[in-house]
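Source file: protein-v9.cif (mmCIF, C-alpha atoms)
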```
data_protein
#
loop_
_atom_site.label_atom_id
_atom_site.label_comp_id
_atom_site.auth_asym_id
_atom_site.auth_seq_id
_atom_site.Cartn_x
_atom_site.Cartn_y
_atom_site.Cartn_z
CA MET A 1 92.72 -133.26 -48.75
CA PRO A 2 94.85 -134.35 -51.78
CA PRO A 3 93.70 -137.50 -53.57
CA GLY A 4 95.40 -140.73 -52.57
CA PRO A 5 96.98 -143.20 -54.99
CA LEU A 6 94.70 -144.85 -57.55
CA GLN A 7 93.25 -148.17 -56.41
CA PRO A 8 91.87 -149.83 -59.58
CA ILE A 9 91.40 -153.24 -57.93
CA ALA A 10 89.38 -151.67 -55.13
CA ALA A 11 87.27 -149.77 -57.68
CA VAL A 12 86.51 -152.93 -59.68
CA LEU A 13 85.70 -154.86 -56.50
CA ALA A 14 83.43 -152.01 -55.36
CA TRP A 15 81.45 -152.29 -58.60
CA LEU A 16 81.32 -156.10 -58.52
CA VAL A 17 80.02 -156.25 -54.94
CA PRO A 18 78.96 -152.96 -53.30
CA GLY A 19 81.18 -152.40 -50.27
CA ALA A 20 83.85 -154.90 -51.34
CA GLY A 21 86.22 -152.11 -52.44
CA HIS A 22 86.27 -150.59 -48.97
CA LEU A 23 86.56 -154.06 -47.42
CA PHE A 24 89.62 -154.68 -49.63
CA LEU A 25 91.18 -151.44 -48.33
CA GLY A 26 90.47 -152.43 -44.73
CA TYR A 27 87.49 -150.16 -44.02
CA THR A 28 85.25 -152.90 -42.66
CA ARG A 29 82.55 -150.76 -41.05
CA ARG A 30 82.23 -148.48 -44.08
CA ALA A 31 82.02 -151.55 -46.31
CA ILE A 32 79.14 -152.98 -44.29
CA LEU A 33 77.30 -149.64 -44.33
CA ILE A 34 77.80 -149.17 -48.10
CA ALA A 35 76.68 -152.75 -48.85
CA GLY A 36 73.65 -152.36 -46.58
CA GLY A 37 72.71 -149.04 -48.18
CA VAL A 38 73.14 -150.07 -51.81
CA PHE A 39 71.58 -153.53 -51.49
CA GLY A 40 68.86 -152.04 -49.28
CA LEU A 41 67.94 -149.47 -51.93
CA PHE A 42 68.05 -152.07 -54.72
CA ALA A 43 65.98 -154.60 -52.77
CA GLY A 44 63.65 -151.75 -51.78
CA GLY A 45 63.07 -151.00 -55.46
CA LEU A 46 62.20 -154.62 -56.19
CA PHE A 47 59.98 -154.74 -53.11
CA VAL A 48 58.06 -151.62 -54.17
CA GLY A 49 57.78 -152.13 -57.93
CA GLY A 50 58.43 -155.83 -58.37
CA ILE A 51 60.86 -157.37 -60.82
CA ASP A 52 59.34 -155.21 -63.59
CA CYS A 53 61.51 -152.31 -62.40
CA VAL A 54 64.73 -153.80 -63.78
CA ASP A 55 64.25 -154.18 -67.50
CA LYS A 56 67.11 -153.63 -69.95
CA ARG A 57 64.83 -153.87 -72.99
CA GLU A 58 61.93 -151.63 -71.96
CA ASN A 59 63.74 -149.15 -69.65
CA PHE A 60 67.20 -149.07 -71.19
CA PHE A 61 68.32 -145.66 -69.94
CA TRP A 62 67.16 -146.41 -66.40
CA PHE A 63 68.99 -149.72 -66.61
CA LEU A 64 72.23 -147.85 -67.38
CA GLY A 65 71.96 -146.28 -63.92
CA GLN A 66 70.90 -149.55 -62.29
CA ALA A 67 73.90 -151.33 -63.85
CA LEU A 68 76.17 -149.18 -61.68
CA ALA A 69 75.03 -151.33 -58.72
CA GLY A 70 76.99 -154.21 -60.26
CA PRO A 71 76.17 -157.74 -61.40
CA VAL A 72 73.11 -157.83 -59.17
CA ALA A 73 71.33 -155.59 -61.73
CA PHE A 74 72.41 -157.78 -64.67
CA GLY A 75 71.35 -160.92 -62.78
CA THR A 76 67.94 -159.47 -61.95
CA ASP A 77 67.45 -158.40 -65.58
CA TYR A 78 68.51 -161.85 -66.83
CA ILE A 79 65.97 -163.55 -64.57
CA HIS A 80 63.30 -161.05 -65.61
CA GLN A 81 63.92 -161.53 -69.35
CA ASN A 82 64.29 -165.31 -69.27
CA HIS A 83 61.96 -166.53 -66.55
CA PHE A 84 59.12 -163.99 -66.48
CA LYS A 85 58.70 -162.67 -70.03
CA ALA A 86 57.36 -164.67 -72.95
CA LEU A 87 56.03 -164.29 -76.48
CA ASP A 88 52.52 -163.31 -77.38
CA PRO A 89 50.60 -166.34 -78.74
CA ALA A 90 49.89 -164.40 -81.95
CA SER A 91 53.58 -163.79 -82.63
CA VAL A 92 54.46 -167.49 -82.23
CA SER A 93 52.40 -168.38 -85.30
CA ASN A 94 54.48 -165.87 -87.32
CA LEU A 95 57.77 -167.63 -86.60
CA ARG A 96 59.04 -169.02 -89.91
CA LYS A 97 62.83 -168.98 -89.71
CA THR A 98 65.64 -168.39 -87.20
CA ASP A 99 65.80 -164.65 -87.99
CA ASP A 100 62.15 -164.32 -86.94
CA LEU A 101 62.96 -166.02 -83.65
CA VAL A 102 65.93 -163.73 -82.97
CA ARG A 103 63.78 -160.69 -83.81
CA ALA A 104 60.93 -161.94 -81.62
CA ARG A 105 63.26 -162.59 -78.67
CA ARG A 106 64.61 -159.01 -79.01
CA GLY A 107 61.40 -157.14 -79.56
CA SER A 108 58.26 -159.18 -78.92
CA MET A 109 58.91 -160.58 -75.44
CA ARG A 110 56.52 -158.98 -72.97
CA SER A 111 55.27 -159.28 -69.40
CA ALA A 112 52.18 -161.32 -68.61
CA ARG A 113 48.66 -159.92 -68.36
CA PRO A 114 46.73 -160.80 -65.20
CA GLU A 115 44.64 -163.48 -66.96
CA GLU A 116 47.63 -165.22 -68.56
CA THR A 117 50.15 -167.83 -67.48
CA ARG A 118 53.58 -168.66 -68.89
CA THR A 119 54.33 -171.92 -70.63
CA THR A 120 56.58 -173.22 -73.39
CA THR A 121 55.75 -174.55 -76.80
CA GLN A 122 57.74 -176.22 -79.57
CA VAL A 123 57.76 -174.64 -83.02
CA GLU A 124 59.35 -175.84 -86.21
CA ILE A 125 61.30 -173.15 -88.08
CA ASP A 126 63.63 -173.00 -91.07
CA ASP A 127 67.33 -172.78 -90.28
CA PRO A 128 68.92 -171.32 -93.46
CA ALA A 129 72.45 -171.98 -92.12
CA ALA A 130 71.77 -175.69 -91.64
CA GLY A 131 69.44 -175.89 -94.65
CA ARG A 132 66.75 -177.80 -92.78
CA LYS A 133 63.86 -177.35 -90.37
CA VAL A 134 64.66 -177.34 -86.65
CA LYS A 135 62.44 -177.62 -83.58
CA VAL A 136 62.90 -174.93 -80.95
CA THR A 137 61.23 -174.42 -77.59
CA VAL A 138 59.93 -170.89 -77.02
CA PRO A 139 58.23 -169.36 -73.96
CA VAL A 140 54.69 -168.25 -74.66
CA PHE A 141 51.70 -166.92 -72.74
CA ARG A 142 48.34 -168.64 -72.71
CA LYS A 143 45.08 -168.03 -70.86
CA ALA A 144 45.41 -169.20 -67.25
CA GLY A 145 43.25 -172.02 -66.02
CA PRO A 146 41.94 -172.49 -62.45
CA GLY A 147 44.78 -172.25 -59.93
CA GLU A 148 47.23 -170.87 -62.48
CA PHE A 149 48.82 -167.45 -62.13
CA PRO A 150 50.91 -165.09 -64.26
CA PRO A 151 54.65 -165.31 -63.47
CA ASN A 152 54.55 -161.72 -62.20
CA ILE A 153 52.19 -158.78 -62.06
CA SER A 154 53.33 -155.74 -64.04
CA SER A 155 53.80 -152.63 -61.97
CA LEU A 156 52.18 -149.47 -63.24
CA GLY A 157 52.19 -145.74 -62.59
CA ARG A 158 53.87 -144.26 -59.53
CA VAL A 159 54.73 -147.67 -58.06
CA ASN A 160 56.72 -148.60 -61.16
CA GLU A 161 58.37 -145.17 -61.25
CA LEU A 162 59.40 -145.36 -57.60
CA GLY A 163 60.66 -148.94 -57.82
CA THR A 164 62.74 -148.04 -60.87
CA LEU A 165 64.00 -144.92 -59.13
CA PHE A 166 65.01 -146.87 -55.99
CA CYS A 167 67.08 -149.33 -58.08
CA THR A 168 68.66 -146.50 -60.11
CA VAL A 169 69.52 -144.50 -57.00
CA ALA A 170 71.18 -147.67 -55.63
CA GLY A 171 73.35 -147.73 -58.76
CA PHE A 172 74.35 -144.08 -58.47
CA MET A 173 75.13 -144.41 -54.75
CA ASN A 174 77.39 -147.33 -55.62
CA LEU A 175 79.10 -145.12 -58.22
CA ILE A 176 80.03 -142.75 -55.40
CA ALA A 177 81.42 -145.71 -53.43
CA VAL A 178 83.36 -146.94 -56.50
CA ILE A 179 84.95 -143.51 -57.01
CA ASP A 180 85.77 -143.25 -53.30
CA ALA A 181 87.35 -146.72 -53.23
CA GLY A 182 89.30 -146.00 -56.42
CA GLN A 183 90.80 -142.76 -55.18
CA LEU A 184 90.62 -142.33 -51.44
CA ARG A 185 90.77 -138.80 -50.10
CA ARG A 186 90.40 -139.95 -46.53
CA ASN A 187 92.82 -139.83 -43.67
CA ARG A 188 93.98 -143.43 -43.38
CA ARG A 189 94.65 -143.18 -39.67
CA ALA A 190 93.85 -146.43 -37.89
CA VAL A 191 91.32 -146.19 -35.07
CA GLY A 192 91.47 -149.02 -32.56
CA GLY A 193 93.29 -151.27 -35.01
CA ILE A 194 90.52 -150.92 -37.60
CA ARG A 195 90.41 -148.13 -40.14
CA ALA A 196 87.36 -145.96 -39.62
CA MET B 1 63.94 -122.01 -27.83
CA LYS B 2 66.65 -121.36 -25.24
CA PHE B 3 64.69 -123.18 -22.50
CA LEU B 4 64.77 -126.38 -24.56
CA GLY B 5 68.54 -126.59 -24.80
CA ARG B 6 70.51 -128.00 -27.73
CA GLU B 7 70.57 -131.59 -26.44
CA ARG B 8 66.80 -131.68 -25.77
CA LEU B 9 66.14 -130.15 -29.16
CA ASN B 10 68.26 -132.87 -30.74
CA ARG B 11 66.30 -135.56 -28.88
CA LEU B 12 62.99 -134.07 -29.97
CA PHE B 13 64.21 -133.92 -33.54
CA ARG B 14 65.31 -137.60 -33.46
CA LEU B 15 61.97 -138.60 -31.96
CA ALA B 16 60.11 -136.74 -34.73
CA VAL B 17 62.15 -138.42 -37.46
CA PHE B 18 61.73 -141.90 -35.95
CA THR B 19 57.99 -141.29 -35.61
CA LEU B 20 57.82 -140.30 -39.28
CA ILE B 21 59.67 -143.47 -40.35
CA ALA B 22 57.56 -145.68 -38.07
CA LEU B 23 54.39 -144.09 -39.44
CA GLY B 24 55.57 -144.84 -42.96
CA VAL B 25 56.25 -148.49 -42.09
CA VAL B 26 52.89 -148.91 -40.35
CA LEU B 27 51.06 -147.41 -43.31
CA LEU B 28 53.00 -149.32 -45.98
CA ILE B 29 53.13 -152.89 -44.60
CA PRO B 30 49.37 -153.58 -44.54
CA ARG B 31 49.15 -152.28 -48.09
CA ALA B 32 52.00 -154.53 -49.16
CA THR B 33 50.31 -157.60 -47.76
CA GLY B 34 46.96 -156.63 -49.24
CA GLN B 35 45.21 -156.31 -45.89
CA THR B 36 43.64 -152.94 -46.55
CA GLY B 37 40.50 -152.04 -48.45
CA ALA B 38 36.90 -152.56 -47.49
CA ALA B 39 35.24 -155.92 -48.14
CA PRO B 40 32.98 -155.88 -51.22
CA ALA B 41 29.37 -155.09 -50.49
CA PRO B 42 26.85 -157.98 -50.77
CA GLY B 43 25.70 -158.34 -54.33
CA ALA B 44 28.59 -156.33 -55.69
CA PRO B 45 30.28 -157.67 -58.83
CA ALA B 46 33.27 -159.95 -58.26
CA ALA B 47 36.69 -158.31 -57.95
CA PRO B 48 38.85 -158.39 -61.06
CA ALA B 49 41.19 -161.35 -61.39
CA ALA B 50 44.30 -159.24 -60.72
CA ALA B 51 43.10 -158.44 -57.19
CA ASP B 52 42.76 -162.15 -56.36
CA LEU B 53 46.33 -163.00 -57.31
CA PRO B 54 48.72 -163.84 -54.47
CA TRP B 55 51.36 -161.23 -53.66
CA ARG B 56 54.95 -162.43 -54.09
CA PRO B 57 57.56 -160.13 -52.54
CA PHE B 58 60.25 -158.75 -54.89
CA ILE B 59 58.32 -160.10 -57.90
CA ASP B 60 54.97 -158.32 -57.67
CA PRO B 61 54.54 -154.61 -56.88
CA ILE B 62 53.03 -153.41 -53.61
CA ASN B 63 49.85 -151.39 -53.58
CA VAL B 64 50.98 -147.92 -52.53
CA HIS B 65 49.29 -145.94 -55.27
CA GLU B 66 47.68 -143.63 -52.69
CA SER B 67 50.64 -143.21 -50.32
CA TRP B 68 53.58 -143.41 -52.70
CA PHE B 69 55.03 -140.14 -51.40
CA LEU B 70 55.86 -141.84 -48.06
CA LEU B 71 58.50 -143.86 -49.91
CA LEU B 72 60.60 -140.69 -50.05
CA VAL B 73 61.59 -141.34 -46.41
CA PRO B 74 63.22 -144.81 -46.90
CA MET B 75 64.82 -143.63 -50.14
CA ALA B 76 66.33 -140.58 -48.46
CA PHE B 77 67.48 -142.84 -45.60
CA GLY B 78 69.23 -145.22 -48.04
CA VAL B 79 70.93 -142.33 -49.82
CA ALA B 80 72.09 -140.88 -46.49
CA VAL B 81 73.45 -144.26 -45.26
CA VAL B 82 75.73 -144.66 -48.30
CA TYR B 83 76.65 -140.99 -48.68
CA LYS B 84 77.65 -140.55 -45.05
CA ALA B 85 79.57 -143.87 -45.03
CA VAL B 86 81.65 -142.57 -47.95
CA ARG B 87 81.88 -138.92 -46.99
CA MET B 88 82.60 -138.81 -43.24
CA GLN B 89 86.26 -138.70 -42.21
CA GLU B 90 85.50 -140.47 -38.93
CA LEU B 91 82.36 -142.48 -38.25
CA ASN B 92 81.68 -140.90 -34.86
CA ARG B 93 77.95 -140.11 -34.40
CA TYR B 94 77.31 -141.73 -37.80
CA TRP B 95 73.64 -142.55 -37.29
CA MET B 96 72.92 -139.05 -36.00
CA HIS B 97 74.38 -137.62 -39.21
CA VAL B 98 72.37 -140.12 -41.29
CA ILE B 99 69.09 -139.15 -39.61
CA TYR B 100 69.94 -135.47 -39.97
CA MET B 101 70.64 -135.85 -43.69
CA THR B 102 67.46 -137.93 -44.17
CA ALA B 103 65.44 -135.13 -42.59
CA GLN B 104 67.25 -132.53 -44.73
CA ILE B 105 66.36 -134.40 -47.93
CA VAL B 106 62.73 -134.91 -46.91
CA ILE B 107 62.26 -131.28 -45.88
CA ALA B 108 64.01 -130.02 -49.03
CA MET B 109 61.72 -132.19 -51.18
CA ILE B 110 58.62 -130.90 -49.39
CA LEU B 111 59.78 -127.31 -49.92
CA LEU B 112 60.57 -128.02 -53.59
CA GLY B 113 57.10 -129.56 -53.99
CA ALA B 114 55.50 -126.52 -52.39
CA ALA B 115 57.51 -124.15 -54.58
CA THR B 116 56.57 -126.10 -57.72
CA TYR B 117 52.91 -126.05 -56.66
CA LEU B 118 53.01 -122.28 -56.19
CA ILE B 119 54.68 -121.72 -59.57
CA VAL B 120 52.44 -124.08 -61.57
CA ILE B 121 49.08 -123.55 -59.86
CA ARG B 122 49.32 -119.91 -58.72
CA PHE B 123 52.11 -118.00 -60.47
CA ALA B 124 51.82 -119.41 -64.03
CA PRO B 125 48.02 -118.78 -64.33
CA PHE B 126 48.57 -115.30 -62.88
CA ILE B 127 51.21 -114.54 -65.53
CA ALA B 128 49.03 -116.10 -68.25
CA SER B 129 46.08 -113.88 -67.32
CA TYR B 130 48.03 -110.75 -68.43
#
```

Transcribe the structure of this file into structure tokens.
Amino acid sequence: MPPGPLQPIAAVLAWLVPGAGHLFLGYTRRAILIAGGVFGLFAGGLFVGGIDCVDKRENFFWFLGQALAGPVAFGTDYIHQNHFKALDPASVSNLRKTDDLVRARRGSMRSARPEETRTTTQVEIDDPAAGRKVKVTVPVFRKAGPGEFPPNISSLGRVNELGTLFCTVAGFMNLIAVIDAGQLRRNRRAVGGIRA
Amino acid sequence: MKFLGRERLNRLFRLAVFTLIALGVVLLIPRATGQTGAAPAPGAPAAPAAADLPWRPFIDPINVHESWFLLLVPMAFGVAVVYKAVRMQELNRYWMHVIYMTAQIVIAMILLGAATYLIVIRFAPFIASY
């Protein structure tokens, strides 16, 4: 079947919300099935491997595939980086100026160990741009007390691999849906008033 | 196979696939909620701290280190749901096609695994011995 006309709006919508591209074109049932499949695979990945499976910093190339599932991947990664990871207590004492803080936020943030909990601490660092010392609040791990838990448990081995794979497969299946929504090759015959 | 008929064969096939999926769910859920594993023997050292932590869905991983291969079934199912929703011209008998594709993926993976096993464990040492 020859390709239909390009549908850039449908393609963008399909990436933003899986299934939304087909919904925009009037294929309601397909949209529901695509959304269920993509979100199901993505949620399945998080269920199996935990939030550790979506990590732009530590699994960058896998994240490229996961990003194809749309903003849900970026949102999950944002939550993971900003609400679950923190600095090692040893690296906090090395913070001297704002460059150190930027470098630490890029490279030294890590997941918690089972005996740690996440907290925040204030450090005073030099701000060369302002020419004075500034106080900043940084997330840091410390040893957990009674009744305290780590923010998340890191997934390891096969469980981490499978969780990451689930989320990446969700992204690639959404890519197929994006391409299909952007250039339909389907017979647009209406069935019972609703396009099949 | 003629005595079975095509329709009966289809029903048997569907039943087998559903049984496989149900088996996977039954095996995975108790592991996810941490209900499996024998109680520690009296006098045994305390479990490590990580085992005592509460399980939070979608944040913490599930414990399927011994039955991870069963996760191939839901993954294949998810792939088939999206692929068939995009690929089929008409959505008649959609779920039948999805189940059929799920089974195709699972069987193909099992065959690929078997072929890899034969090459790595049998064929490669045989070639290396000459």

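Near segment 3-16 of chain A, within 10 Å and counting all atoms listed in the file, sit His22, Leu23, Phe24, Leu25, Ala31, Ile34, Ala35, Ala67, Leu68, Ala69, Gly70, Pro71, Val72, Gly171, Asn174, Leu175, Ile176, Ala177, Val178, Ile179, Asp180, Ala181, Gly182, Gln183, Leu184, Arg185, Arg186, Asn187 and Arg188 of chain A, not including residues fewer than 6 positions from it in the same chain.
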
Name the residues that the PyMOL selection byres ((chain A and resi 42) around 8) pulls out of this structure, and write them as a count of residues only. 13

Selection near Glu115 of chain A, 10 Å with only C-alpha atoms, sequence-local residues under 2 positions removed, as a list in words: Ala112, Arg113, Thr117, Phe141, Arg142, Lys143, Ala144, Gly145, Glu148, Phe149 and Pro150 of chain A; Pro48, Ala49, Ala50 and Leu53 of chain B

Please dump the current selection as an mmCIF file, keeping the file's coordinate frame; keep C-alpha atoms.
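What ended up in again.cif:
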```cif
data_model
loop_
_atom_site.group_PDB
_atom_site.id
_atom_site.type_symbol
_atom_site.label_atom_id
_atom_site.label_comp_id
_atom_site.auth_asym_id
_atom_site.auth_seq_id
_atom_site.Cartn_x
_atom_site.Cartn_y
_atom_site.Cartn_z
ATOM 1 C CA ALA A 112 52.180 -161.320 -68.610
ATOM 2 C CA ARG A 113 48.660 -159.920 -68.360
ATOM 3 C CA THR A 117 50.150 -167.830 -67.480
ATOM 4 C CA PHE A 141 51.700 -166.920 -72.740
ATOM 5 C CA ARG A 142 48.340 -168.640 -72.710
ATOM 6 C CA LYS A 143 45.080 -168.030 -70.860
ATOM 7 C CA ALA A 144 45.410 -169.200 -67.250
ATOM 8 C CA GLY A 145 43.250 -172.020 -66.020
ATOM 9 C CA GLU A 148 47.230 -170.870 -62.480
ATOM 10 C CA PHE A 149 48.820 -167.450 -62.130
ATOM 11 C CA PRO A 150 50.910 -165.090 -64.260
ATOM 12 C CA PRO B 48 38.850 -158.390 -61.060
ATOM 13 C CA ALA B 49 41.190 -161.350 -61.390
ATOM 14 C CA ALA B 50 44.300 -159.240 -60.720
ATOM 15 C CA LEU B 53 46.330 -163.000 -57.310
#
```

Chain B contacts on chain A, all atoms listed in the file, 6 Å, as a list in words: Arg30, Ile34, Gly37, Leu41, Leu46, Phe47, Val48, Gly49, Gly50, Ile51, Pro114, Asn152, Ile153, Ser155 and Ala196 of chain A

Atom CA of Thr137 of chain A to atom CA of Thr119 of chain A, distance in Å rounded to a single decimal: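 Separation of atom CA of Thr137 of chain A and atom CA of Thr119 of chain A: 10.1 Å.
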
Please report the interatomic distance between atom CA of Glu7 of chain B and atom CA of Ala108 of chain B in Å with one decimal. 23.6 Å

Name every residue that the PyMOL selection byres ((chain A and resi 109) around 7) selects in this structure, writing the answer as a list in words with chains first and numbers rising.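 With the shown file as input, the PyMOL selection byres ((chain A and resi 109) around 7) matches Lys85, Ala86, Leu87, Ala104, Arg105, Arg106, Gly107, Ser108 and Arg110 of chain A.
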
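Evaluated against this file, the PyMOL selection byres ((chain A and resi 133) around 10) yields Arg96, Lys97, Thr98, Val123, Glu124, Ile125, Asp126, Asp127, Pro128, Ala130, Gly131, Arg132, Val134, Lys135 and Val136 of chain A.
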